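To start, the structure under review is shown below, and the notes come after it.
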Amino acid sequence: MEIKFDNIKVIGFDADDTLWVNETYFRDTEHKFARLLASYETENKIDQELFKMEMKNLSLYGYGVKGFVLSMIESAIDLSNGKITVDTISKILDLGKEMIEKPVELLDGVEEVLKQLSKSYRLLLLTKGDLLDQERKLEKSGLSEYFHHIEVLSDKKESNYSNLLEHLEVEHEEFLMIGNSLKSDILPIINIGGNAIHVPFHTTWVHEMVHEADDNGGYKKVNNIKEVLEIL
């Protein structure tokens, strides 16, 4: 299916795992968390229970490191039957602080793409997660100059996108979203009549996994964000 982007005026970019590395740090921390609780359960069981806790708490804490840390602490209490020590809880808190203090590692070609596209399009940064953490990462990244508008969303559902585009007075058919998550960055945009380019990242959170449409779903897929310059 031929997909053209001739009418695009505004381009939205996801942040985590589209512009910079993020999910890798969560996976690394999960392994460290499992090692802390190795005397109580197997790593596989700990991973399963932590994910269940994250899903249970998502509506309370939202996305991001802080909610992840709270879910680790609650999981540790449950998995240990309340026997977890203050020292271990302190170590879990340290794991969260380590994540927040990680340097921002830009993905290959990101700044080149933003620099080129910002000359011809209005660029938006549309991400979800903890506001303070996302603002910190954006500042560390050095990319803020390329964006006309930055929005940290509580979620990335069709209604979130529609409300934002209406507020910014952007027509759906003139909007293109670029991101690594089919569930959050691509399918909701397609469903409201927008356009999307999928740039997969090598690691995907289970909560973000969906089956890729056999017909490519009305969006375009690239292997590297630099390929976007060949399309637009």
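Ligands are numbered from 1 in the order shown, chains are lettered A, B, ... in the order of the structure tokens, and residues start at 1 in each chain.
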Asp94 of chain A surroundings by only C-alpha atoms, 12 Å radius, close-in-sequence under 3 positions cut, as a ChimeraX atom specification: /A:29,32-33,65-66,69,72-73,87-91,97-101
Using the selection just defined, write its residues with C-alpha atoms as an mmCIF file, in the first residue's frame.
```
data_model
loop_
_atom_site.group_PDB
_atom_site.id
_atom_site.type_symbol
_atom_site.label_atom_id
_atom_site.label_comp_id
_atom_site.auth_asym_id
_atom_site.auth_seq_id
_atom_site.Cartn_x
_atom_site.Cartn_y
_atom_site.Cartn_z
ATOM 1 C CA THR A 29 16.678 -2.368 36.898
ATOM 2 C CA LYS A 32 18.790 -5.837 39.769
ATOM 3 C CA PHE A 33 15.466 -5.879 41.625
ATOM 4 C CA VAL A 65 10.228 5.923 37.109
ATOM 5 C CA LYS A 66 8.453 7.060 40.278
ATOM 6 C CA VAL A 69 9.784 2.402 42.111
ATOM 7 C CA MET A 72 8.859 -2.411 43.155
ATOM 8 C CA ILE A 73 8.528 -1.580 46.843
ATOM 9 C CA ASP A 87 17.893 -1.898 54.016
ATOM 10 C CA THR A 88 16.449 -3.646 50.951
ATOM 11 C CA ILE A 89 13.754 -0.984 50.527
ATOM 12 C CA SER A 90 16.522 1.615 50.680
ATOM 13 C CA LYS A 91 18.362 -0.244 47.920
ATOM 14 C CA LYS A 97 17.517 7.285 41.747
ATOM 15 C CA GLU A 98 20.098 5.608 39.508
ATOM 16 C CA MET A 99 17.536 5.478 36.688
ATOM 17 C CA ILE A 100 16.618 9.131 37.069
ATOM 18 C CA GLU A 101 20.269 10.163 37.067
#
```
Helix (DSSP H, G or I) per DSSP on the backbone: members of segment 18-190 of chain A, as an NGL selection string: :A and (23-36 or 43-61 or 65-79 or 86-100 or 110-117 or 131-141 or 144-146 or 158-167 or 172-174 or 182-190)
For Phe147 of chain A, the nearest of the candidates A:Phe5, A:Leu187, A:Gly12, A:Val21, counting only C-alpha atoms: A:Gly12
Residues of segment 140-220 of chain A that approach segment 108-128 of chain A to 7 Å or less, counting only C-alpha atoms: could you list each one with the shortest pair of atoms and its distance in Å to one decimal, rows by chain and increasing residue number, as a tab-separated table?
```
residue	atom	partner	partner_atom	distance
A:Tyr146	CA	A:Ser118	CA	6.0
A:Phe147	CA	A:Leu123	CA	4.9
A:His148	CA	A:Leu123	CA	5.6
A:His149	CA	A:Leu124	CA	5.0
A:Ile150	CA	A:Leu125	CA	4.7
A:Glu151	CA	A:Leu126	CA	5.1
A:Val152	CA	A:Thr127	CA	5.0
A:Leu153	CA	A:Lys128	CA	4.6
A:Ser154	CA	A:Lys128	CA	5.7
A:Asp155	CA	A:Lys128	CA	5.9
```
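Straight-line separation from atom CA of Ile178 of chain A to atom CA of Asp133 of chain A: 21.0 Å.
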